[in-house]
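Colleague: There's a structure below that I have some questions on.
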Amino acid sequence: MRIWQISDLHMERDEVVSGKTFGGVPDADVAVVVGDLSDFVEDNIDWCSRVVRPKMPVVYVPGNHDMYGKCIYSDIDDLRAFAAGRGVTFLEKDVVVVGGARFVGGLLWSNYELWAAGDDEERETLVESRLVAAQEKPDYKRIYADRPAGRLMSPWDSRRRHKETISFIRRELSRPFDGPTVVATHFPVHVGSLQPQYVGDHDQPRYLSDHCSLIEETQPDFWLHGHTHHAVSSAGRSSPTIRVATPTRRPVSTGRSSTRSKPLEPSLPDPQDVGPRPWVPTRRVLRRPRRLRKQRSILVSWTDRNPSRRTTG
Ligand SMILES: [Fe+2]
């Protein structure tokens with residue numbers, strides 16, 4: 001199975017509405033969009049319906065930008081129905097089988113627990129301080145947790161949603177399935193997905209959670225994600241799961257100095273994630289290592305036309 005992974009195009013509204021493309025649609029069996037094509041989720045789904053769906057099935061995982069102006073609870077059913085009406089499968093705490101492969105996932109958010117050390121009380125104190133500090137971030141000013149009451153999503157809400165989604169993924173992956181399993185989330189789940197210069201950065205727990213133990217325990221074939229705007233593909237020592245992230249195509253200022261990295265180069269693995277044969281992808285088609293003896297591949301394109309890009313989002 002060839003999977004075309006797309007994410008973080010961060011198009012302007014006129015671009016997504018006009019059906020802007022970034023090259024030819026590749027030959028693949030299914031497209032997995034892992035969020036943030038633009039800030040307008042219905043337009044993003046329409047874009048998938050018009051640009052991609054005529055060529056292949058589309059599984060659409062929302063990103064944080066997809067949820068701007070939306071509610072993380074009360075709008076999900078409507079978005080699922082909206083997508084279904086356009087031939088697109090919306091995946092938010094959902095599972096779907098396409099072409100004999102099982103796709104499990106959702107937006108995910110983060111648990112703010114990355115690098116939190118110490119005893120339980122010390123960790124909770126640190127996490128609580130991170131949640132308090134995150135309240136001023138844009139996601140918490142533009143996304144609702146209770147839209148009928150006009151209540152915006154708080155960091156505590158997104159953390160709760162993260163835990164709900166991880167529990168869902170764990171439960172679904174525990175079910176036997178005769179075929180490949182792909183987990184697709186917008187948020188990343190492994191420190192190996194970080195750009196090396198952000199290892200230890202105090203802001204990263206908002207972007208990324210560490211679920212190594214879940215990956216090792218459940219061993220899905222692939223875990224696809226976006227959000228980091230940094231191309232990475234790697235497998236760990238104790239799990240053959242291949243984690244793949246797609247970079248963004250657009251430089252957007254976050255107030256940080258921009259970073260430069262070439263697309264589709266693997267990030268430096270963290271010390272606990274150095275496999276016996278670190279896997280280096282080819283330029284465009286990411287193939288599973290031969291040692292795993294499986295004929296599946298991930299195709300990543302339409303992601304980067306500019307070496308300068310924002311770091312995460
Ligand atoms: Fe994002």
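In the structure tokens, chains take letters A, B, ... by order of appearance, with residues numbered from 1 within each chain and ligands from 1 in the order shown.
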I'd like a table as a Markdown table: residues in chain A with an atom no more than 12 Å from ligand 1, each row giving the shortest atom pair and its distance in Å to one decimal, only C-alpha atoms and all ligand atoms counted, sorted by chain and rising residue number.
Modeller:
```
| residue | atom | partner | partner_atom_place_in_ligand_line | distance |
| --- | --- | --- | --- | --- |
| A:Ser7 | CA | ligand 1 | 1 (Fe) | 8.8 |
| A:Asp8 | CA | ligand 1 | 1 (Fe) | 6.8 |
| A:Leu9 | CA | ligand 1 | 1 (Fe) | 10.1 |
| A:His10 | CA | ligand 1 | 1 (Fe) | 9.2 |
| A:Val34 | CA | ligand 1 | 1 (Fe) | 9.0 |
| A:Gly35 | CA | ligand 1 | 1 (Fe) | 6.9 |
| A:Asp36 | CA | ligand 1 | 1 (Fe) | 5.9 |
| A:Leu37 | CA | ligand 1 | 1 (Fe) | 9.4 |
| A:Ser38 | CA | ligand 1 | 1 (Fe) | 10.0 |
| A:Asp39 | CA | ligand 1 | 1 (Fe) | 10.1 |
| A:Val61 | CA | ligand 1 | 1 (Fe) | 11.1 |
| A:Pro62 | CA | ligand 1 | 1 (Fe) | 8.9 |
| A:Gly63 | CA | ligand 1 | 1 (Fe) | 5.2 |
| A:Asn64 | CA | ligand 1 | 1 (Fe) | 5.1 |
| A:His65 | CA | ligand 1 | 1 (Fe) | 6.1 |
| A:Asp66 | CA | ligand 1 | 1 (Fe) | 8.6 |
| A:Met67 | CA | ligand 1 | 1 (Fe) | 10.1 |
| A:Tyr68 | CA | ligand 1 | 1 (Fe) | 11.1 |
| A:Leu107 | CA | ligand 1 | 1 (Fe) | 9.0 |
| A:Leu108 | CA | ligand 1 | 1 (Fe) | 10.5 |
| A:Trp109 | CA | ligand 1 | 1 (Fe) | 9.1 |
| A:Ser110 | CA | ligand 1 | 1 (Fe) | 11.2 |
| A:Pro138 | CA | ligand 1 | 1 (Fe) | 11.4 |
| A:Asp139 | CA | ligand 1 | 1 (Fe) | 9.7 |
| A:Thr185 | CA | ligand 1 | 1 (Fe) | 10.3 |
| A:His186 | CA | ligand 1 | 1 (Fe) | 6.5 |
| A:Phe187 | CA | ligand 1 | 1 (Fe) | 6.9 |
| A:Pro188 | CA | ligand 1 | 1 (Fe) | 9.7 |
| A:Arg206 | CA | ligand 1 | 1 (Fe) | 10.9 |
| A:Tyr207 | CA | ligand 1 | 1 (Fe) | 8.2 |
| A:Leu208 | CA | ligand 1 | 1 (Fe) | 10.5 |
| A:His225 | CA | ligand 1 | 1 (Fe) | 9.6 |
| A:Gly226 | CA | ligand 1 | 1 (Fe) | 6.7 |
| A:His227 | CA | ligand 1 | 1 (Fe) | 3.8 |
| A:Thr228 | CA | ligand 1 | 1 (Fe) | 7.1 |
| A:His229 | CA | ligand 1 | 1 (Fe) | 8.3 |
| A:His230 | CA | ligand 1 | 1 (Fe) | 11.5 |
| A:Ala245 | CA | ligand 1 | 1 (Fe) | 11.6 |
| A:Thr246 | CA | ligand 1 | 1 (Fe) | 11.1 |
| A:Pro247 | CA | ligand 1 | 1 (Fe) | 10.6 |
| A:Thr248 | CA | ligand 1 | 1 (Fe) | 9.7 |
| A:Arg310 | CA | ligand 1 | 1 (Fe) | 10.9 |
| A:Thr311 | CA | ligand 1 | 1 (Fe) | 10.1 |
| A:Thr312 | CA | ligand 1 | 1 (Fe) | 6.6 |
| A:Gly313 | CA | ligand 1 | 1 (Fe) | 3.9 |
```
Colleague: Name the residues of range 75-137 of chain A that come out as strand (DSSP E) in a backbone DSSP run; write them as a ChimeraX atom specification.
Modeller: /A:88-90,94-98,101-106
Colleague: Output N, CA and C atoms for every residue in the selection just made, as a short mmCIF file (atom, residue, chain, number, x, y, z; two decimals), in the first residue's frame.
Modeller:
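Final output, saved to result.cif:
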```cif
data_model
loop_
_atom_site.label_atom_id
_atom_site.label_comp_id
_atom_site.auth_asym_id
_atom_site.auth_seq_id
_atom_site.Cartn_x
_atom_site.Cartn_y
_atom_site.Cartn_z
N VAL A 88 -14.95 12.18 2.08
CA VAL A 88 -13.72 12.22 2.87
C VAL A 88 -14.02 11.63 4.25
N THR A 89 -13.10 10.82 4.76
CA THR A 89 -13.28 10.25 6.10
C THR A 89 -12.59 11.12 7.13
N PHE A 90 -13.38 11.71 8.02
CA PHE A 90 -12.86 12.58 9.08
C PHE A 90 -12.50 11.71 10.27
N ASP A 94 -11.36 8.10 15.88
CA ASP A 94 -12.09 7.19 15.00
C ASP A 94 -11.14 6.13 14.47
N VAL A 95 -11.74 5.10 13.92
CA VAL A 95 -10.99 4.06 13.22
C VAL A 95 -11.71 3.76 11.92
N VAL A 96 -10.94 3.57 10.85
CA VAL A 96 -11.54 3.25 9.56
C VAL A 96 -10.62 2.29 8.83
N VAL A 97 -11.20 1.41 8.06
CA VAL A 97 -10.41 0.48 7.23
C VAL A 97 -10.52 0.93 5.78
N VAL A 98 -9.37 1.17 5.17
CA VAL A 98 -9.32 1.58 3.77
C VAL A 98 -8.33 0.68 3.05
N ALA A 101 -6.20 -1.69 5.07
CA ALA A 101 -5.38 -1.16 6.17
C ALA A 101 -6.27 -0.46 7.18
N ARG A 102 -5.87 -0.56 8.43
CA ARG A 102 -6.63 0.08 9.51
C ARG A 102 -5.98 1.41 9.88
N PHE A 103 -6.79 2.45 9.88
CA PHE A 103 -6.32 3.78 10.25
C PHE A 103 -7.00 4.19 11.54
N VAL A 104 -6.19 4.55 12.52
CA VAL A 104 -6.69 4.91 13.86
C VAL A 104 -6.10 6.27 14.23
N GLY A 105 -6.92 7.15 14.81
CA GLY A 105 -6.28 8.38 15.26
C GLY A 105 -7.19 9.54 15.50
N GLY A 106 -6.58 10.71 15.51
CA GLY A 106 -7.28 11.96 15.79
C GLY A 106 -6.27 13.06 16.06
#
```
Colleague: With DSSP run on the backbone, what are the helix (DSSP H, G or I) residues within range 116-188 of chain A? I'd like them as a ChimeraX atom specification.
Modeller: /A:120-134,139-142,155-173
Colleague: Restricting the calculation to only C-alpha atoms: of A:Ser167, A:Ser74, A:Ser49, A:Asn111, which residue gets closest to Gln204 in chain A?
Modeller: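 When distances to Gln204 in chain A are compared using only C-alpha atoms, the smallest one comes from A:Asn111.
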Colleague: Identify which of the residues A:Ala133, A:Ile242, A:Ile166, A:Val25 lies closest to His202 in chain A, counting only C-alpha atoms when measuring atom-to-atom distances.
Modeller: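 Residue with the minimum atom-to-atom distance to His202 in chain A: A:Ala133.
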Colleague: Would you mind telling me which residue in A:Glu122, A:Glu92, A:Glu128, A:Asp75 lies nearest to Ile143 in chain A when using only C-alpha atoms?
Modeller: A:Asp75
Colleague: If I take CA of Ser193 in chain A and CA of Trp115 in chain A, how far is one from the other in Å, to one decimal?
Modeller: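 Spanning CA of Ser193 in chain A to CA of Trp115 in chain A is a straight-line distance of 14.4 Å.
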Colleague: Applying 8 Å and only C-alpha atoms, which residues near Val191 in chain A remain after dropping the ones on its own chain fewer than 5 positions away? List them as a list of chain:residue names.
Modeller: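 Listed by chain and then number, they are A:Val199, A:Leu208, A:Ser209, A:Asp210, A:Asp270.
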Colleague: The selected residues should be written to file as an mmCIF file, in the first residue's frame (atoms: C-alpha atoms).
Modeller:
```
data_model
loop_
_atom_site.group_PDB
_atom_site.id
_atom_site.type_symbol
_atom_site.label_atom_id
_atom_site.label_comp_id
_atom_site.auth_asym_id
_atom_site.auth_seq_id
_atom_site.Cartn_x
_atom_site.Cartn_y
_atom_site.Cartn_z
ATOM 1 C CA VAL A 199 15.523 19.108 22.796
ATOM 2 C CA LEU A 208 4.744 16.967 21.792
ATOM 3 C CA SER A 209 4.077 14.128 24.207
ATOM 4 C CA ASP A 210 6.150 11.044 24.806
ATOM 5 C CA ASP A 270 17.315 10.618 20.695
#
```
Colleague: Would you please work out which residue, of A:His162, A:Arg243, A:Arg86, A:Arg175, is nearest to Val58 in chain A when using only C-alpha atoms?
Modeller: A:Arg86
Colleague: Taking into account only C-alpha atoms, which residue in the set A:Leu214, A:Leu131, A:Ile169, A:Leu114 is nearest to Gly200 in chain A?
Modeller: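 When distances to Gly200 in chain A are compared using only C-alpha atoms, the smallest one comes from A:Leu114.
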Colleague: Find the distance between CA of Arg50 in chain A and CA of Phe222 in chain A and write it in Å to one decimal.
Modeller: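 Straight-line distance from CA of Arg50 in chain A to CA of Phe222 in chain A works out to 26.7 Å.
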Colleague: Between CA of Val51 in chain A and CA of Gly24 in chain A, measure the distance and give it in Å to one decimal.
Modeller: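 Result for CA of Val51 in chain A versus CA of Gly24 in chain A: 10.0 Å, one decimal.
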Colleague: Quick one: everything within 12 Å of Lys70 in chain A, counting only C-alpha atoms, minus sequence neighbours fewer than 5 positions away in the same chain. Send it as a PyMOL selection string.
Modeller: chain A and resi 39-42+62-65+75-79+139-148+150-153
